[in-house]
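Colleague: Next comes data.cif, mmCIF, C-alpha atoms:
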data_structure
#
loop_
_atom_site.label_atom_id
_atom_site.label_comp_id
_atom_site.auth_asym_id
_atom_site.auth_seq_id
_atom_site.Cartn_x
_atom_site.Cartn_y
_atom_site.Cartn_z
CA MET A 802 65.73 102.08 101.56
CA THR A 803 66.92 99.80 98.79
CA HIS A 804 70.63 99.88 98.02
CA THR A 805 72.10 98.85 94.68
CA LEU A 806 75.60 98.05 93.50
CA LYS A 807 76.44 100.37 90.62
CA GLY A 808 77.78 98.66 87.52
CA GLY A 809 78.17 95.11 86.32
CA ILE A 810 81.79 95.10 87.50
CA ALA A 811 80.65 95.67 91.08
CA ILE A 812 78.31 92.69 90.87
CA SER A 813 81.06 90.55 89.34
CA ALA A 814 83.46 91.59 92.10
CA LEU A 815 80.95 90.59 94.75
CA ALA A 816 80.58 87.21 93.08
CA VAL A 817 84.35 86.76 93.19
CA ILE A 818 84.40 87.54 96.92
CA MET A 819 81.69 84.99 97.60
CA THR A 820 83.76 82.27 95.92
CA LEU A 821 87.07 83.14 97.57
CA PRO A 822 86.68 81.04 100.76
CA SER A 823 86.36 77.86 98.67
CA VAL A 824 89.34 78.93 96.55
CA ALA A 825 91.40 79.43 99.70
CA VAL A 826 90.71 75.84 100.73
CA ALA A 827 91.44 74.36 97.33
CA GLN A 828 94.45 76.40 96.30
CA ASP A 829 97.47 78.16 97.79
CA ALA A 830 95.48 81.31 98.59
CA THR A 831 94.75 83.58 101.54
CA LEU A 832 91.66 85.58 102.44
CA THR A 833 91.23 88.44 104.92
CA ILE A 834 87.86 90.09 105.51
CA GLY A 835 87.62 93.43 107.32
CA GLY A 836 86.24 96.92 107.23
CA ARG A 837 85.93 100.30 108.86
CA LEU A 838 83.23 102.55 110.29
CA MET A 839 83.47 106.34 110.64
CA LEU A 840 80.65 108.34 112.24
CA ASP A 841 80.78 112.16 112.03
CA GLN A 842 78.99 114.91 113.94
CA THR A 843 79.28 118.57 112.87
CA PHE A 844 78.40 121.78 114.72
CA ALA A 845 79.08 124.85 112.57
CA SER A 846 78.00 128.38 111.76
CA VAL A 847 78.11 130.14 108.39
CA GLU A 848 78.46 133.88 107.84
CA ASN A 849 76.68 134.99 104.68
CA ASN A 850 77.88 137.72 102.33
CA ASP A 851 75.11 140.06 103.52
CA GLY A 852 76.09 139.80 107.19
CA THR A 853 73.41 137.27 108.16
CA SER A 854 74.35 133.86 109.53
CA PHE A 855 72.91 130.40 110.07
CA ASN A 856 73.85 127.29 112.00
CA VAL A 857 74.54 123.76 110.82
CA THR A 858 74.07 120.71 113.01
CA ASP A 859 74.32 117.35 111.32
CA SER A 860 75.59 113.80 111.62
CA GLU A 861 76.44 111.23 109.01
CA VAL A 862 77.93 107.84 108.34
CA ARG A 863 81.09 109.10 106.65
CA ARG A 864 82.36 105.67 105.70
CA ALA A 865 81.08 102.14 106.27
CA ARG A 866 83.30 99.76 104.36
CA LEU A 867 83.68 96.03 103.97
CA PHE A 868 86.60 94.45 102.11
CA ALA A 869 88.06 91.13 101.14
CA LYS A 870 91.73 90.88 100.26
CA GLY A 871 94.42 88.27 100.03
CA LYS A 872 96.99 86.49 97.90
CA TYR A 873 96.93 83.71 95.37
CA GLY A 874 100.30 82.04 95.20
CA ASP A 875 103.51 84.07 95.41
CA SER A 876 102.77 86.67 92.75
CA LEU A 877 99.06 87.53 92.72
CA SER A 878 97.14 89.61 95.25
CA TYR A 879 93.66 91.11 95.21
CA LYS A 880 91.36 93.50 97.06
CA PHE A 881 87.63 94.19 96.71
CA GLU A 882 86.04 96.85 98.92
CA PHE A 883 82.55 98.33 99.07
CA ASN A 884 81.48 101.56 100.78
CA HIS A 885 78.21 103.00 102.07
CA THR A 886 77.59 106.52 103.41
CA SER A 887 74.55 108.45 104.58
CA GLU A 888 74.33 110.11 101.18
CA SER A 889 75.05 107.25 98.76
CA ASP A 890 74.13 103.74 97.77
CA ILE A 891 76.69 100.99 98.10
CA GLU A 892 79.62 101.75 95.78
CA VAL A 893 82.84 100.07 94.79
CA THR A 894 85.95 101.73 96.20
CA ASP A 895 88.82 99.35 95.51
CA GLY A 896 88.41 96.39 93.20
CA PHE A 897 91.70 95.24 91.72
CA VAL A 898 94.15 92.42 91.11
CA GLN A 899 97.89 93.02 91.42
CA PHE A 900 100.60 90.93 89.77
CA ALA A 901 104.04 91.16 91.38
CA PRO A 902 106.37 88.47 89.98
CA LYS A 903 108.65 86.95 92.59
CA ASN A 904 112.22 88.36 92.52
CA GLN A 905 111.18 91.01 89.96
CA PRO A 906 111.33 94.79 90.62
CA PHE A 907 107.91 95.69 89.20
CA LYS A 908 104.22 95.15 89.88
CA VAL A 909 101.13 95.54 87.68
CA LYS A 910 97.74 96.56 89.08
CA VAL A 911 94.51 96.16 87.10
CA GLY A 912 91.05 97.22 88.24
CA HIS A 913 89.39 100.09 90.10
CA PHE A 914 91.70 102.12 92.36
CA LYS A 915 93.02 105.64 93.00
CA THR A 916 95.17 107.44 90.51
CA HIS A 917 98.73 107.70 91.85
CA ASN A 918 98.69 111.26 93.21
CA SER A 919 99.32 113.02 96.54
CA LEU A 920 100.77 111.94 99.88
CA GLU A 921 97.38 112.22 101.60
CA GLU A 922 95.28 110.81 98.78
CA GLU A 923 97.42 107.67 98.57
CA ALA A 924 97.08 107.19 102.35
CA SER A 925 94.10 105.51 103.98
CA SER A 926 91.57 107.84 105.61
CA ARG A 927 92.39 105.94 108.82
CA PHE A 928 95.92 107.31 108.90
CA ILE A 929 95.76 110.94 107.70
CA SER A 930 96.30 113.73 110.23
CA THR A 931 92.95 115.56 110.00
CA ILE A 932 89.39 114.35 109.48
CA GLU A 933 89.34 115.66 105.90
CA ARG A 934 92.15 115.68 103.36
CA GLY A 935 93.58 118.86 101.84
CA ALA A 936 90.99 120.98 100.01
CA PHE A 937 92.84 120.64 96.70
CA THR A 938 92.34 116.85 96.61
CA ASP A 939 88.56 117.27 96.28
CA ALA A 940 88.63 120.46 94.23
CA PHE A 941 90.93 118.87 91.64
CA ALA A 942 89.02 115.55 91.85
CA LEU A 943 91.74 113.06 92.77
CA ASP A 944 89.69 109.89 92.64
CA ARG A 945 89.36 106.21 91.87
CA ARG A 946 89.04 105.05 88.27
CA LEU A 947 89.10 101.86 86.28
CA GLY A 948 92.61 101.39 84.91
CA VAL A 949 96.00 99.73 84.90
CA SER A 950 99.25 100.86 86.49
CA VAL A 951 102.84 99.68 86.62
CA GLY A 952 105.05 100.41 89.60
CA THR A 953 108.20 99.66 91.52
CA ALA A 954 109.25 100.23 95.11
CA ALA A 955 112.24 99.82 97.39
CA LYS A 956 113.04 100.87 100.94
CA ASN A 957 113.71 104.49 99.97
CA TYR A 958 111.75 105.12 96.77
CA THR A 959 108.55 104.36 94.85
CA PHE A 960 107.39 105.07 91.30
CA ASN A 961 104.01 104.32 89.73
CA VAL A 962 102.45 105.26 86.39
CA GLY A 963 98.95 104.43 85.19
CA VAL A 964 96.29 104.88 82.50
CA TYR A 965 92.63 105.11 83.51
CA GLY A 966 89.10 105.40 82.19
CA GLU A 967 86.16 106.63 84.27
CA SER A 968 85.00 105.52 87.70
CA ILE A 969 82.73 102.49 87.54
CA ASN A 970 80.40 104.29 89.97
CA ASP A 971 79.73 107.16 87.55
CA GLU A 972 76.33 107.29 85.94
CA GLY A 973 75.40 108.25 82.38
CA PRO A 974 75.94 106.77 78.92
CA ASN A 975 78.92 108.90 77.88
CA LYS A 976 81.58 107.63 80.25
CA ASN A 977 84.41 108.22 77.79
CA GLY A 978 86.70 110.46 79.81
CA TYR A 979 90.15 109.23 80.73
CA ALA A 980 93.23 110.07 82.78
CA MET A 981 96.96 109.35 82.98
CA ALA A 982 98.91 109.72 86.21
CA ALA A 983 102.33 109.17 87.75
CA ARG A 984 103.87 109.59 91.20
CA GLY A 985 107.39 109.20 92.52
CA THR A 986 108.69 109.38 96.09
CA TYR A 987 112.16 109.37 97.62
CA VAL A 988 113.39 109.04 101.22
CA PRO A 989 116.88 110.60 101.41
CA TYR A 990 117.18 110.08 105.16
CA GLN A 991 115.73 107.43 107.46
CA THR A 992 116.61 106.03 110.88
CA ASP A 993 114.58 104.31 113.59
CA GLU A 994 113.71 107.74 115.01
CA SER A 995 113.56 110.01 111.95
CA LEU A 996 112.48 110.13 108.32
CA LEU A 997 112.41 112.64 105.47
CA HIS A 998 110.10 111.97 102.52
CA LEU A 999 109.94 113.88 99.23
CA GLY A 1000 107.49 113.28 96.40
CA ALA A 1001 105.97 114.60 93.21
CA SER A 1002 103.02 113.58 91.04
CA TRP A 1003 101.26 114.43 87.78
CA ARG A 1004 97.90 113.70 86.22
CA TYR A 1005 96.34 114.50 82.85
CA ARG A 1006 92.55 114.31 82.78
CA LYS A 1007 90.19 114.46 79.78
CA ALA A 1008 86.53 115.26 80.45
CA ARG A 1009 83.60 113.26 79.20
CA ASP A 1010 82.16 114.50 75.91
CA ASP A 1011 78.88 115.44 77.59
CA GLN A 1012 80.25 117.08 80.73
CA ASP A 1013 83.05 119.64 81.13
CA LEU A 1014 85.23 119.76 84.25
CA ARG A 1015 84.55 122.10 87.18
CA TYR A 1016 86.37 122.94 90.42
CA ARG A 1017 84.70 123.45 93.80
CA GLN A 1018 85.03 122.84 97.52
CA ARG A 1019 82.96 122.81 100.72
CA PRO A 1020 84.00 124.66 103.90
CA TYR A 1021 85.94 121.70 105.33
CA ALA A 1022 83.18 119.53 106.85
CA HIS A 1023 81.78 116.86 104.55
CA THR A 1024 78.37 117.17 106.24
CA PHE A 1025 77.80 120.41 104.32
CA ASP A 1026 76.79 118.06 101.49
CA SER A 1027 74.02 116.48 103.53
CA ASP A 1028 70.34 116.85 102.65
CA ASN A 1029 69.54 116.90 106.37
CA THR A 1030 71.52 119.93 107.50
CA VAL A 1031 69.66 122.43 109.66
CA ASN A 1032 68.60 125.61 107.79
CA ASP A 1033 69.15 123.95 104.41
CA VAL A 1034 72.77 124.66 103.54
CA THR A 1035 72.22 123.67 99.92
CA GLY A 1036 69.77 126.54 99.59
CA ASN A 1037 72.52 128.97 100.58
CA PHE A 1038 75.34 127.54 98.49
CA PRO A 1039 74.92 124.72 95.95
CA SER A 1040 75.68 121.19 97.13
CA GLY A 1041 77.36 122.58 100.22
CA ARG A 1042 80.23 124.10 98.21
CA ILE A 1043 81.26 127.55 99.36
CA ILE A 1044 83.37 128.23 96.25
CA THR A 1045 82.86 126.81 92.78
CA THR A 1046 83.44 127.38 89.11
CA ASP A 1047 81.01 126.53 86.33
CA ARG A 1048 81.78 123.54 84.14
CA PHE A 1049 84.19 125.03 81.62
CA ALA A 1050 87.25 122.81 81.03
CA SER A 1051 87.68 120.03 78.50
CA SER A 1052 90.91 118.77 80.12
CA ASP A 1053 93.50 119.66 82.71
CA ASN A 1054 97.03 118.92 83.90
CA PHE A 1055 97.75 118.47 87.61
CA PHE A 1056 101.24 118.87 89.13
CA ALA A 1057 102.02 118.46 92.84
CA GLY A 1058 104.93 118.32 95.26
CA GLU A 1059 104.96 116.87 98.77
CA VAL A 1060 107.20 116.65 101.83
CA LEU A 1061 106.96 114.76 105.13
CA ALA A 1062 109.33 114.77 108.10
CA ILE A 1063 108.98 112.52 111.17
CA HIS A 1064 111.16 112.60 114.29
CA ASN A 1065 109.97 110.42 117.15
CA GLY A 1066 106.55 111.84 118.10
CA PHE A 1067 106.89 115.01 116.01
CA TRP A 1068 105.91 115.35 112.37
CA ALA A 1069 105.56 118.08 109.76
CA ALA A 1070 104.07 117.74 106.29
CA GLY A 1071 102.95 119.81 103.33
CA GLU A 1072 101.74 119.55 99.75
CA TYR A 1073 101.12 122.07 96.99
CA ALA A 1074 99.39 121.46 93.67
CA LEU A 1075 98.90 123.42 90.47
CA VAL A 1076 96.23 122.76 87.84
CA SER A 1077 96.34 124.06 84.28
CA ALA A 1078 92.78 123.80 82.89
CA ASN A 1079 92.01 123.97 79.18
CA GLY A 1080 88.72 125.76 78.52
CA SER A 1081 86.31 124.14 76.08
CA GLY A 1082 84.93 126.15 73.16
CA ASP A 1083 85.19 129.87 73.92
CA ASN A 1084 85.81 129.35 77.65
CA PRO A 1085 89.12 130.88 78.81
CA ASP A 1086 91.88 128.63 80.13
CA ALA A 1087 92.73 128.87 83.84
CA ASN A 1088 95.48 128.14 86.32
CA PHE A 1089 94.51 127.18 89.87
CA GLY A 1090 96.47 126.14 92.95
CA GLY A 1091 96.10 124.74 96.42
CA GLY A 1092 97.91 123.05 99.27
CA TYR A 1093 98.46 122.75 103.00
CA ALA A 1094 101.14 122.81 105.68
CA GLU A 1095 100.82 121.08 109.04
CA VAL A 1096 102.74 120.27 112.19
CA GLY A 1097 101.84 117.77 114.86
CA TYR A 1098 102.96 115.77 117.85
CA VAL A 1099 101.92 112.36 119.19
CA ILE A 1100 101.98 111.72 122.93
CA GLY A 1101 102.27 108.01 123.67
CA GLY A 1102 102.94 106.99 120.08
CA LYS A 1103 104.27 108.10 116.71
CA LYS A 1104 103.47 108.44 113.04
CA THR A 1105 104.70 105.55 110.91
CA TYR A 1106 105.56 105.25 107.24
CA LYS A 1107 104.70 102.71 104.56
CA SER A 1108 107.75 102.33 102.31
CA SER A 1109 105.96 100.30 99.64
CA GLY A 1110 103.36 103.06 99.20
CA GLY A 1111 105.42 106.14 99.97
CA THR A 1112 102.85 107.44 102.45
CA TYR A 1113 101.46 107.21 106.00
CA ASN A 1114 100.90 103.91 107.73
CA ARG A 1115 98.96 103.08 110.90
CA LEU A 1116 99.76 105.20 113.97
CA LYS A 1117 101.89 103.35 116.51
CA VAL A 1118 100.39 103.27 120.03
CA TYR A 1119 102.98 102.46 122.70
CA GLU A 1120 100.60 101.48 125.53
CA PRO A 1121 97.05 100.71 124.36
CA PHE A 1122 94.06 101.38 126.59
CA GLY A 1123 93.13 98.23 128.46
CA SER A 1124 96.66 96.87 128.29
CA GLY A 1125 98.20 98.98 131.03
CA GLY A 1126 98.08 102.33 129.22
CA TRP A 1127 95.80 105.10 128.00
CA GLY A 1128 96.57 104.95 124.30
CA ALA A 1129 98.02 107.83 122.29
CA LEU A 1130 97.02 111.47 121.78
CA ALA A 1131 97.84 113.17 118.46
CA LEU A 1132 97.70 116.98 118.19
CA VAL A 1133 97.86 118.81 114.85
CA ALA A 1134 97.65 122.34 113.45
CA ARG A 1135 97.12 122.92 109.73
CA TYR A 1136 96.82 125.82 107.29
CA ASP A 1137 95.06 124.95 104.03
CA THR A 1138 94.56 127.12 100.95
CA LEU A 1139 92.70 126.76 97.65
CA ASP A 1140 92.85 129.38 94.89
CA LEU A 1141 90.30 129.17 92.06
CA GLU A 1142 90.79 132.78 90.92
CA ASP A 1143 91.90 133.39 87.33
CA GLU A 1144 90.39 135.84 84.81
CA VAL A 1145 86.62 135.18 84.84
CA TYR A 1146 86.82 132.39 87.45
CA LEU A 1147 86.40 133.35 91.11
CA GLY A 1148 86.84 131.64 94.46
CA GLN A 1149 89.45 131.38 97.17
CA LEU A 1150 89.29 129.41 100.43
CA ASP A 1151 91.71 129.57 103.37
CA THR A 1152 91.18 127.22 106.29
CA ILE A 1153 92.81 126.78 109.69
CA THR A 1154 92.32 123.40 111.36
CA LEU A 1155 93.25 122.36 114.89
CA GLY A 1156 92.86 118.70 115.75
CA ALA A 1157 93.11 116.30 118.68
CA ASP A 1158 92.88 112.53 118.16
CA TRP A 1159 92.70 110.01 120.98
CA TRP A 1160 93.77 106.52 119.91
CA PRO A 1161 92.80 104.09 122.71
CA THR A 1162 94.21 101.34 120.49
CA LYS A 1163 95.74 101.33 117.05
CA GLN A 1164 92.36 100.43 115.53
CA THR A 1165 90.06 102.81 117.42
CA ARG A 1166 90.06 106.59 117.60
CA LEU A 1167 88.04 109.59 118.66
CA ARG A 1168 88.85 112.66 116.56
CA VAL A 1169 87.89 116.29 117.12
CA ASN A 1170 88.73 119.02 114.57
CA TYR A 1171 88.05 122.73 114.92
CA PHE A 1172 88.00 124.56 111.58
CA ASN A 1173 87.80 128.18 110.52
CA ALA A 1174 87.29 128.68 106.77
CA ASP A 1175 87.39 132.11 105.10
CA ALA A 1176 86.17 132.49 101.54
CA LYS A 1177 86.72 135.16 98.90
CA ASP A 1178 84.23 135.50 96.03
CA GLY A 1179 82.21 132.60 97.37
CA PHE A 1180 78.58 131.91 98.25
CA ALA A 1181 79.36 132.88 101.87
CA ASP A 1182 82.09 134.79 103.69
CA SER A 1183 83.14 132.17 106.20
CA ALA A 1184 82.30 129.03 108.12
CA GLU A 1185 83.48 127.94 111.55
CA GLY A 1186 82.81 124.87 113.61
CA VAL A 1187 83.76 121.54 115.12
CA VAL A 1188 83.69 118.08 113.55
CA ALA A 1189 83.90 114.99 115.77
CA ARG A 1190 84.49 111.47 114.48
CA LEU A 1191 84.28 108.07 116.09
CA GLY A 1192 86.12 105.51 114.01
CA PHE A 1193 87.30 101.94 114.22
CA ASP A 1194 88.48 99.29 111.81
CA PHE A 1195 88.71 95.54 111.97
#
Could you spell out this file's structure in structure tokens?
Modeller:
Amino acid sequence: MTHTLKGGIAISALAVIMTLPSVAVAQDATLTIGGRLMLDQTFASVENNDGTSFNVTDSEVRRARLFAKGKYGDSLSYKFEFNHTSESDIEVTDGFVQFAPKNQPFKVKVGHFKTHNSLEEEASSRFISTIERGAFTDAFALDRRLGVSVGTAAKNYTFNVGVYGESINDEGPNKNGYAMAARGTYVPYQTDESLLHLGASWRYRKARDDQDLRYRQRPYAHTFDSDNTVNDVTGNFPSGRIITTDRFASSDNFFAGEVLAIHNGFWAAGEYALVSANGSGDNPDANFGGGYAEVGYVIGGKKTYKSSGGTYNRLKVYEPFGSGGWGALALVARYDTLDLEDEVYLGQLDTITLGADWWPTKQTRLRVNYFNADAKDGFADSAEGVVARLGFDF
């Protein structure tokens, strides 16, 4: 198979990476090269609306990423990252330069990066509590785009606001959609053992002229998208999505609140989001919602927090495997809901997830999630199964 980098910016970014080692020698610069690999296996069953059922067994490369990041002097930093999965060519994830003047309270980021929304979406996939993020983050398309943002951060608060165009990985000639987003977080209480985090975010999104917005979600496991699933899932519900709307909205407004509490090994977290979608032409407007609540406990470690980002950081492992210990075990229970029902639009998805993650070291993990997803007005009644992931980063 031949893989291509999508977009001239991706090719330019790769050229920059190739020149960075020589820059690091000649100038006051640093360079770090790393990546991550996540391999997923899914065993699931789907109950159709007519009482029949079928099984899904599939594996995929969920993420295979390589990045280069570093600093240039005291005020400039950069990151370029590329991703490959079983279902995609090589794409640009992050590709930005950040200017943070020394002794100044603000920073400016320019390039391709995520809009500033959601506790989980701002966190790395290495550090979130379950294998997949909350259903609303995909359904409401929180994503990376080409843009510029301005932000500030201190020990107990962050605030970022940005303006964005389309993703550089999108195809088609009419890439003229845009978005504006903002997120603020506040930590009213923090000690060495405990932390309370509060946050809120907003995004306005305008669709491309040639393609209205739609809202949809799969029954938890990402492998439902795969072309290789047993019994052809895509023949039962399109693109593996169990609930979906047609393309009907010319723009939408997203509003979300978030909370996180950590006390030693225990944590609890939740988010809820509302979307107000503006129908194009004669299409009715709609109001949708979704969110999750979870509780968890880490044996042999604890969740940690990244103050500069207002989100999760790498799990702390007290006694790594191979260094006198057995690593850490994280247990989590989550309830997730997504409501796409309003007037002519139909679809609701409620999911229970139970997870166990073994972290032999802080950079390796074996994750197992059991999920039970019930749909209303969807292409199927329910889906149930287990997703396992082997992941490591370097």
Colleague: As a check of understanding, name the residues that the PyMOL selection byres ((chain A and resi 1105) around 7) selects in the supplied structure, as a list of chain:residue names.
Modeller: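 Output from the PyMOL selection byres ((chain A and resi 1105) around 7), applied to this file: A:Lys1103, A:Lys1104, A:Tyr1106, A:Lys1107, A:Tyr1113, A:Asn1114, A:Arg1115, A:Leu1116, A:Lys1117.
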Colleague: Need the shell around A:Val951: protein/DNA/RNA residues with any atom at most 6 Å away, counting only C-alpha atoms. Skip same-chain ones fewer than 4 positions apart. Format as number ranges by chain?
Modeller: A: 908-909, 961-962
Colleague: Could you name the residues that touch A:His1064 at 6 Å or less, counting all atoms listed in the file, but leaving out those on the same chain fewer than 2 positions away, as a list in words?
Modeller: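 My reading of the contact set: Glu994, Ser995 and Phe1067 of chain A.
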Colleague: Would you kindly translate the PyMOL selection byres ((chain A and resi 932) around 10) into the concrete residues it picks from this file, as an NGL selection string?
Modeller: :A and (841 or 926-931 or 933-935 or 1021-1023 or 1154 or 1156 or 1158 or 1168-1170 or 1188-1190)
Colleague: Just to confirm, what's the straight-line distance from atom CA of A:Ser860 to atom CA of A:Phe844 in Å (one decimal)?
Modeller: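 If I compute the distance from atom CA of A:Ser860 to atom CA of A:Phe844, I get 9.0 Å.
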Colleague: Pick out the residues sitting within 9 Å of A:Ser878, and hand them over as a PyMOL selection string; count all atoms listed in the file, and ignore anything fewer than 6 positions along from it in its own chain.
Modeller: chain A and resi 870-872+897-901
Colleague: Since fewer atoms than expected are present, regenerate N, CA and C atoms for stretch 1054-1078 of chain A and write them as a PDB file, in the frame of the given file.
Modeller:
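Produced file result-v8.pdb, reproduced below:
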ATOM      1  N   ASN A1054      95.789 119.527  83.441  1.00  0.00           N
ATOM      2  CA  ASN A1054      97.030 118.920  83.900  1.00  0.00           C
ATOM      3  C   ASN A1054      97.236 119.303  85.363  1.00  0.00           C
ATOM      4  N   PHE A1055      97.548 118.312  86.173  1.00  0.00           N
ATOM      5  CA  PHE A1055      97.750 118.470  87.610  1.00  0.00           C
ATOM      6  C   PHE A1055      99.216 118.174  87.931  1.00  0.00           C
ATOM      7  N   PHE A1056      99.856 119.075  88.692  1.00  0.00           N
ATOM      8  CA  PHE A1056     101.240 118.870  89.130  1.00  0.00           C
ATOM      9  C   PHE A1056     101.298 119.148  90.631  1.00  0.00           C
ATOM     10  N   ALA A1057     101.983 118.288  91.385  1.00  0.00           N
ATOM     11  CA  ALA A1057     102.020 118.460  92.840  1.00  0.00           C
ATOM     12  C   ALA A1057     103.356 118.027  93.414  1.00  0.00           C
ATOM     13  N   GLY A1058     103.754 118.698  94.485  1.00  0.00           N
ATOM     14  CA  GLY A1058     104.930 118.320  95.260  1.00  0.00           C
ATOM     15  C   GLY A1058     104.533 118.070  96.699  1.00  0.00           C
ATOM     16  N   GLU A1059     105.306 117.254  97.406  1.00  0.00           N
ATOM     17  CA  GLU A1059     104.960 116.870  98.770  1.00  0.00           C
ATOM     18  C   GLU A1059     106.206 116.636  99.604  1.00  0.00           C
ATOM     19  N   VAL A1060     106.089 116.877 100.909  1.00  0.00           N
ATOM     20  CA  VAL A1060     107.200 116.650 101.830  1.00  0.00           C
ATOM     21  C   VAL A1060     106.628 116.191 103.165  1.00  0.00           C
ATOM     22  N   LEU A1061     107.339 115.271 103.815  1.00  0.00           N
ATOM     23  CA  LEU A1061     106.960 114.760 105.130  1.00  0.00           C
ATOM     24  C   LEU A1061     108.223 114.525 105.938  1.00  0.00           C
ATOM     25  N   ALA A1062     108.214 115.009 107.182  1.00  0.00           N
ATOM     26  CA  ALA A1062     109.330 114.770 108.100  1.00  0.00           C
ATOM     27  C   ALA A1062     108.769 114.203 109.405  1.00  0.00           C
ATOM     28  N   ILE A1063     109.380 113.137 109.901  1.00  0.00           N
ATOM     29  CA  ILE A1063     108.980 112.520 111.170  1.00  0.00           C
ATOM     30  C   ILE A1063     110.217 112.399 112.047  1.00  0.00           C
ATOM     31  N   HIS A1064     110.085 112.804 113.313  1.00  0.00           N
ATOM     32  CA  HIS A1064     111.160 112.600 114.290  1.00  0.00           C
ATOM     33  C   HIS A1064     110.519 112.215 115.619  1.00  0.00           C
ATOM     34  N   ASN A1065     110.644 110.947 115.970  1.00  0.00           N
ATOM     35  CA  ASN A1065     109.970 110.420 117.150  1.00  0.00           C
ATOM     36  C   ASN A1065     108.487 110.788 117.092  1.00  0.00           C
ATOM     37  N   GLY A1066     107.966 111.512 118.093  1.00  0.00           N
ATOM     38  CA  GLY A1066     106.550 111.840 118.100  1.00  0.00           C
ATOM     39  C   GLY A1066     106.174 113.037 117.248  1.00  0.00           C
ATOM     40  N   PHE A1067     107.155 113.793 116.793  1.00  0.00           N
ATOM     41  CA  PHE A1067     106.890 115.010 116.010  1.00  0.00           C
ATOM     42  C   PHE A1067     106.794 114.691 114.523  1.00  0.00           C
ATOM     43  N   TRP A1068     105.906 115.426 113.830  1.00  0.00           N
ATOM     44  CA  TRP A1068     105.910 115.350 112.370  1.00  0.00           C
ATOM     45  C   TRP A1068     105.518 116.695 111.773  1.00  0.00           C
ATOM     46  N   ALA A1069     105.949 116.913 110.545  1.00  0.00           N
ATOM     47  CA  ALA A1069     105.560 118.080 109.760  1.00  0.00           C
ATOM     48  C   ALA A1069     105.369 117.627 108.326  1.00  0.00           C
ATOM     49  N   ALA A1070     104.368 118.174 107.659  1.00  0.00           N
ATOM     50  CA  ALA A1070     104.070 117.740 106.290  1.00  0.00           C
ATOM     51  C   ALA A1070     103.452 118.890 105.511  1.00  0.00           C
ATOM     52  N   GLY A1071     103.574 118.805 104.189  1.00  0.00           N
ATOM     53  CA  GLY A1071     102.950 119.810 103.330  1.00  0.00           C
ATOM     54  C   GLY A1071     102.883 119.322 101.901  1.00  0.00           C
ATOM     55  N   GLU A1072     101.897 119.826 101.184  1.00  0.00           N
ATOM     56  CA  GLU A1072     101.740 119.550  99.750  1.00  0.00           C
ATOM     57  C   GLU A1072     101.289 120.839  99.066  1.00  0.00           C
ATOM     58  N   TYR A1073     101.665 120.978  97.801  1.00  0.00           N
ATOM     59  CA  TYR A1073     101.120 122.070  96.990  1.00  0.00           C
ATOM     60  C   TYR A1073     100.913 121.552  95.576  1.00  0.00           C
ATOM     61  N   ALA A1074      99.765 121.943  94.989  1.00  0.00           N
ATOM     62  CA  ALA A1074      99.390 121.460  93.670  1.00  0.00           C
ATOM     63  C   ALA A1074      98.996 122.615  92.771  1.00  0.00           C
ATOM     64  N   LEU A1075      99.305 122.472  91.497  1.00  0.00           N
ATOM     65  CA  LEU A1075      98.900 123.420  90.470  1.00  0.00           C
ATOM     66  C   LEU A1075      98.085 122.675  89.416  1.00  0.00           C
ATOM     67  N   VAL A1076      97.039 123.318  88.914  1.00  0.00           N
ATOM     68  CA  VAL A1076      96.230 122.760  87.840  1.00  0.00           C
ATOM     69  C   VAL A1076      96.170 123.754  86.695  1.00  0.00           C
ATOM     70  N   SER A1077      96.475 123.276  85.503  1.00  0.00           N
ATOM     71  CA  SER A1077      96.340 124.060  84.280  1.00  0.00           C
ATOM     72  C   SER A1077      95.141 123.497  83.517  1.00  0.00           C
ATOM     73  N   ALA A1078      94.036 124.267  83.486  1.00  0.00           N
ATOM     74  CA  ALA A1078      92.780 123.800  82.890  1.00  0.00           C
ATOM     75  C   ALA A1078      92.593 124.393  81.507  1.00  0.00           C
TER      76      ALA A1078
END
